[in-house]
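Enquirer: For reference, this is upload-v6.cif, and it has mmCIF, C-alpha atoms and all ligand atoms.
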data_my_file
#
loop_
_atom_site.label_atom_id
_atom_site.label_comp_id
_atom_site.auth_asym_id
_atom_site.auth_seq_id
_atom_site.Cartn_x
_atom_site.Cartn_y
_atom_site.Cartn_z
CA MET W 1 57.42 92.36 116.86
CA SER W 2 54.26 91.34 118.67
CA LEU W 3 54.15 88.52 121.18
CA ILE W 4 54.22 85.06 119.58
CA ILE W 5 51.74 82.52 120.96
CA SER W 6 52.47 78.84 120.33
CA PRO W 7 49.74 76.54 121.71
CA SER W 8 51.13 73.13 122.66
CA LEU W 9 49.25 70.27 121.02
CA LEU W 10 50.36 67.97 123.83
CA SER W 11 47.14 69.02 125.58
CA CYS W 12 44.85 68.75 122.55
CA ASP W 13 42.30 65.98 121.94
CA PHE W 14 44.21 63.51 119.76
CA ALA W 15 40.98 61.85 118.68
CA ASN W 16 39.94 65.20 117.21
CA ILE W 17 43.28 66.49 116.06
CA GLN W 18 42.00 68.01 112.82
CA ARG W 19 39.38 69.97 114.75
CA ASP W 20 41.98 71.30 117.20
CA VAL W 21 44.42 72.19 114.42
CA GLU W 22 41.66 74.11 112.64
CA MET W 23 40.78 75.91 115.88
CA ILE W 24 44.39 77.16 116.00
CA ASN W 25 44.33 78.04 112.29
CA ASN W 26 41.30 80.22 112.98
CA SER W 27 42.67 81.78 116.16
CA ASN W 28 45.18 84.54 116.84
CA ALA W 29 47.89 82.01 117.63
CA ASP W 30 51.10 82.28 115.62
CA TRP W 31 52.65 78.81 115.67
CA PHE W 32 51.87 75.17 116.47
CA HIS W 33 54.04 73.83 119.31
CA LEU W 34 54.69 70.09 118.97
CA ASP W 35 56.45 68.19 121.76
CA ILE W 36 58.40 65.12 120.70
CA MET W 37 59.50 62.90 123.61
CA ASP W 38 61.52 59.70 123.38
CA GLY W 39 61.09 58.12 126.82
CA VAL W 40 64.88 58.34 127.29
CA PHE W 41 65.78 62.01 127.49
CA VAL W 42 62.51 62.63 129.35
CA PRO W 43 60.42 60.15 131.37
CA ASN W 44 57.51 60.18 128.94
CA ILE W 45 56.67 59.28 125.34
CA SER W 46 54.41 61.68 123.45
CA PHE W 47 54.12 61.21 119.70
CA GLY W 48 56.33 61.05 116.65
CA PHE W 49 56.50 61.51 112.90
CA PRO W 50 52.96 60.37 111.90
CA ILE W 51 51.37 63.00 114.14
CA ILE W 52 53.61 65.76 112.76
CA GLU W 53 52.56 64.64 109.30
CA ALA W 54 48.88 64.72 110.23
CA VAL W 55 49.17 68.18 111.76
CA LYS W 56 51.12 69.51 108.78
CA LYS W 57 48.34 68.37 106.44
CA HIS W 58 45.90 70.83 108.01
CA ALA W 59 48.07 73.51 109.63
CA THR W 60 48.26 76.94 108.00
CA LYS W 61 50.84 78.29 110.48
CA PRO W 62 54.49 77.37 111.17
CA LEU W 63 55.32 74.18 113.07
CA ASP W 64 57.42 74.96 116.16
CA VAL W 65 58.83 71.56 117.06
CA HIS W 66 60.41 70.97 120.48
CA ILE W 67 62.39 67.74 120.51
CA MET W 68 63.06 66.15 123.89
CA ILE W 69 65.13 63.32 122.47
CA LYS W 70 68.67 61.98 122.73
CA ASN W 71 70.83 62.18 119.60
CA PRO W 72 68.83 64.95 117.89
CA ASP W 73 71.33 64.96 114.97
CA ASP W 74 70.01 61.62 113.75
CA TYR W 75 66.57 62.97 112.84
CA ILE W 76 67.15 66.49 111.46
CA LEU W 77 66.50 65.63 107.81
CA GLU W 78 63.39 63.67 108.69
CA PHE W 79 61.93 66.68 110.52
CA LYS W 80 62.70 68.89 107.55
CA ALA W 81 61.05 66.42 105.16
CA LEU W 82 57.88 66.56 107.28
CA GLY W 83 57.67 70.33 106.86
CA VAL W 84 58.95 71.48 110.25
CA ASP W 85 59.72 75.22 110.30
CA ILE W 86 61.50 75.72 113.63
CA LEU W 87 63.43 72.89 115.24
CA THR W 88 64.42 73.27 118.90
CA PHE W 89 66.62 70.67 120.57
CA HIS W 90 67.87 70.41 124.14
CA TYR W 91 71.29 71.73 125.16
CA GLU W 92 71.49 68.75 127.54
CA ALA W 93 70.90 66.22 124.75
CA SER W 94 73.64 67.17 122.29
CA THR W 95 77.39 66.91 122.80
CA HIS W 96 78.41 68.97 119.76
CA ILE W 97 75.97 71.83 119.97
CA HIS W 98 77.61 73.92 117.24
CA ARG W 99 77.43 71.01 114.80
CA THR W 100 73.75 70.35 115.59
CA VAL W 101 72.89 74.05 115.16
CA GLN W 102 74.64 74.25 111.78
CA ALA W 103 73.03 71.02 110.56
CA ILE W 104 69.53 72.34 111.35
CA LYS W 105 70.26 75.62 109.55
CA GLN W 106 71.76 73.82 106.55
CA ALA W 107 68.63 71.69 106.33
CA GLY W 108 66.68 74.95 105.91
CA MET W 109 64.93 75.28 109.26
CA LYS W 110 65.09 77.93 111.96
CA VAL W 111 67.00 76.68 114.96
CA GLY W 112 66.37 76.87 118.69
CA ILE W 113 68.07 75.52 121.81
CA ALA W 114 66.00 74.54 124.85
CA LEU W 115 67.40 74.82 128.38
CA ASN W 116 66.21 72.71 131.28
CA PRO W 117 65.39 74.58 134.50
CA HIS W 118 68.83 73.85 136.00
CA THR W 119 70.88 74.85 132.95
CA PRO W 120 72.27 78.40 133.20
CA VAL W 121 71.79 80.75 130.25
CA TYR W 122 75.47 81.82 130.21
CA LEU W 123 76.33 78.43 128.68
CA LEU W 124 74.91 79.82 125.43
CA THR W 125 77.39 82.75 125.29
CA ASP W 126 79.40 81.36 122.39
CA ILE W 127 76.50 80.06 120.31
CA LEU W 128 73.89 82.77 120.87
CA SER W 129 74.63 84.70 117.69
CA ASP W 130 73.95 81.55 115.62
CA LEU W 131 70.46 80.98 117.03
CA ASP W 132 66.99 82.08 116.00
CA LEU W 133 65.41 81.12 119.30
CA VAL W 134 66.10 80.00 122.85
CA LEU W 135 63.42 78.00 124.66
CA ILE W 136 63.54 78.49 128.42
CA MET W 137 61.88 75.52 130.12
CA SER W 138 59.90 76.78 133.09
CA VAL W 139 59.01 73.21 134.17
CA ASN W 140 60.99 70.00 133.93
CA PRO W 141 60.25 68.73 130.43
CA GLY W 142 58.09 65.67 129.94
CA PHE W 143 54.55 66.60 130.96
CA GLY W 144 51.91 69.25 130.51
CA GLY W 145 50.07 70.84 133.41
CA GLN W 146 53.00 71.39 135.80
CA LYS W 147 53.67 74.33 138.08
CA PHE W 148 55.73 77.25 136.79
CA ILE W 149 59.26 77.49 138.25
CA THR W 150 59.74 81.16 139.20
CA ASN W 151 63.52 81.19 138.74
CA SER W 152 62.74 81.08 135.00
CA LEU W 153 62.00 84.81 135.20
CA THR W 154 65.58 85.54 136.25
CA LYS W 155 66.85 83.38 133.39
CA VAL W 156 64.73 85.25 130.86
CA LYS W 157 66.05 88.60 132.14
CA GLN W 158 69.66 87.41 132.00
CA LEU W 159 69.22 86.01 128.51
CA ARG W 160 67.59 89.19 127.21
CA GLU W 161 70.60 91.15 128.54
CA MET W 162 72.98 88.76 126.75
CA ALA W 163 70.94 89.03 123.56
CA TYR W 164 71.11 92.86 123.44
CA GLU W 165 74.77 92.55 122.66
CA LYS W 166 75.05 89.27 120.78
CA ASN W 167 71.74 88.73 118.98
CA PRO W 168 69.16 91.55 119.24
CA SER W 169 66.54 89.72 117.18
CA LEU W 170 66.69 86.56 119.31
CA ILE W 171 63.31 85.04 120.09
CA ILE W 172 63.04 84.07 123.75
CA GLU W 173 60.29 81.49 124.09
CA VAL W 174 59.12 80.07 127.42
CA ASP W 175 57.45 76.69 127.91
CA GLY W 176 55.70 75.27 130.98
CA GLY W 177 53.05 76.54 133.38
CA VAL W 178 52.24 79.57 131.22
CA ASN W 179 48.97 81.34 132.03
CA LEU W 180 47.92 84.99 132.09
CA GLU W 181 49.70 85.65 135.37
CA THR W 182 53.04 83.97 134.59
CA GLY W 183 52.77 85.15 130.97
CA ARG W 184 52.60 88.80 132.08
CA LEU W 185 55.72 88.39 134.24
CA LEU W 186 57.55 86.61 131.42
CA VAL W 187 56.81 89.33 128.89
CA ASP W 188 57.99 91.97 131.37
CA ALA W 189 61.19 89.96 131.84
CA GLY W 190 61.89 89.97 128.08
CA ALA W 191 60.17 86.90 126.62
CA ASN W 192 58.57 87.38 123.20
CA ALA W 193 57.12 83.91 122.58
CA LEU W 194 54.94 81.87 124.93
CA VAL W 195 53.99 78.20 124.73
CA ALA W 196 50.77 77.22 126.47
CA GLY W 197 49.24 73.75 126.59
CA SER W 198 46.82 72.99 129.39
CA PHE W 199 45.94 76.65 129.92
CA VAL W 200 44.62 76.85 126.34
CA PHE W 201 43.10 73.42 125.82
CA ASN W 202 41.52 73.02 129.28
CA SER W 203 39.82 76.39 129.06
CA GLU W 204 36.20 76.88 128.15
CA SER W 205 37.06 78.81 125.02
CA PRO W 206 40.56 78.03 123.73
CA LYS W 207 40.28 80.75 121.09
CA GLU W 208 39.43 83.40 123.68
CA THR W 209 42.27 82.18 125.89
CA ILE W 210 44.68 82.53 122.96
CA ASN W 211 43.37 86.09 122.47
CA SER W 212 44.06 87.00 126.08
CA LEU W 213 47.57 85.60 125.90
CA LYS W 214 48.17 87.40 122.61
CA SER W 215 47.24 90.74 124.12
CA LEU W 216 49.58 90.43 127.14
C1 LIG W 301 56.53 69.94 128.50
C2 LIG W 301 56.26 70.48 127.13
C3 LIG W 301 55.30 71.60 127.06
C4 LIG W 301 53.92 71.32 127.60
C5 LIG W 301 53.51 72.55 128.33
O1 LIG W 301 57.63 69.12 128.45
O2 LIG W 301 57.47 70.95 126.54
O3 LIG W 301 55.23 72.18 125.76
O4 LIG W 301 52.95 71.01 126.64
O5 LIG W 301 52.33 72.32 128.99
P1 LIG W 301 51.66 73.36 129.95
O6 LIG W 301 51.45 74.63 129.19
O7 LIG W 301 50.39 72.68 130.35
O8 LIG W 301 52.61 73.56 131.13
ZN ZN W 302 57.38 72.10 124.62
#
Just give me the structure as structure tokens.
Ligand code: DX5
Ligand code: ZN
Expert:
Amino acid sequence: MSLIISPSLLSCDFANIQRDVEMINNSNADWFHLDIMDGVFVPNISFGFPIIEAVKKHATKPLDVHIMIKNPDDYILEFKALGVDILTFHYEASTHIHRTVQAIKQAGMKVGIALNPHTPVYLLTDILSDLDLVLIMSVNPGFGGQKFITNSLTKVKQLREMAYEKNPSLIIEVDGGVNLETGRLLVDAGANALVAGSFVFNSESPKETINSLKSL
């Protein structure tokens, strides 16, 4: 499978959201990454259901939704109703991980678990075979434009090793501080999906930037 590129709309121009969604439709990107923050689990509030709805109206590619919220179980059906394709919640935000994973699958979405920079990958040992995706956070969640934490590379390598045995088709996605340099290292470590926000949207030609990431 080729490398999946999921541009994060957190860095798009919200006053021109249709334009930016169409740019991604017409680019070599694979997914739309949408960051939902509640101001409780993370020290920031991004956007909620109406923006997902607006994006879905124009998007021709899957919605990869990363929820940084407490009590993710309470909103699963609402995300499904909005047309979300992949729902990724935080390991640190759910007490009954197995229940949350099964509820997302039963709702008919692909399921991912996100790990904060301090959360070791071995904690996923007994749930890995149930997952479609693991999202390794390479910055502390909450904001775009932060510096890549290099220990994430070790985590990606460890997780890829674990996945060989337990879930060979696991998608390992990495989020935070991704650019061509960190992206190269991540792919070499075993990542097969990259999220990029500021690197794409702050560049002169976002489409070209997506192309360069895609060909890593
Ligand atoms: C941060 C979000 C990211 C963010 C990444 O909490 O999960 O998706 O948009 O931004 P960059 O690529 O600028 O680090
Ligand atoms: Zn994200």
Enquirer: How would you report the residues lying within 7 Å of ligand ZN 302 (chain W), as a list of chain:residue names, if you count all atoms listed in the file?
Expert: W:Ser8, W:His33, W:Leu34, W:Asp35, W:His66, W:Asp175, W:Val195
Enquirer: Which of these, W:Val40, W:Val156, W:Leu194, W:Val200, has the shortest distance to W:Leu3 once you count all atoms listed in the file?
Expert: W:Leu194
Enquirer: All residues within 9 Å of ligand LIG 301 (chain W) are required, counting only C-alpha atoms and all ligand atoms; please report them as number ranges by chain.
Expert: W: 7-11, 33-37, 42, 44, 66-68, 137-148, 174-179, 195-202
Enquirer: Please list as a list in words every residue within 10 Å of W:Val134, counting only C-alpha atoms and excluding residues in the same chain fewer than 2 positions away.
Expert: Thr88, Phe89, His90, Val111, Gly112, Ile113, Ala114, Leu115, Val121, Leu124, Leu128, Leu131, Asp132, Ile136, Met137, Val156, Leu159, Leu170, Ile171, Ile172, Glu173, Val174, Ala191 and Ala193 of chain W
Enquirer: Residues at most 9 Å from W:Lys214, counting all atoms listed in the file, excluding those fewer than 6 positions away in the same chain, as a PDB file with C-alpha atoms, keeping the file's coordinate frame?
Expert:
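The file below, selection.pdb, is the result:
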ATOM      1  CA  SER W   2      54.260  91.340 118.670  1.00  0.00           C
ATOM      2  CA  LEU W   3      54.150  88.520 121.180  1.00  0.00           C
ATOM      3  CA  ILE W   4      54.220  85.060 119.580  1.00  0.00           C
ATOM      4  CA  ILE W   5      51.740  82.520 120.960  1.00  0.00           C
ATOM      5  CA  ASN W  28      45.180  84.540 116.840  1.00  0.00           C
ATOM      6  CA  ALA W  29      47.890  82.010 117.630  1.00  0.00           C
TER       7      ALA W  29
END
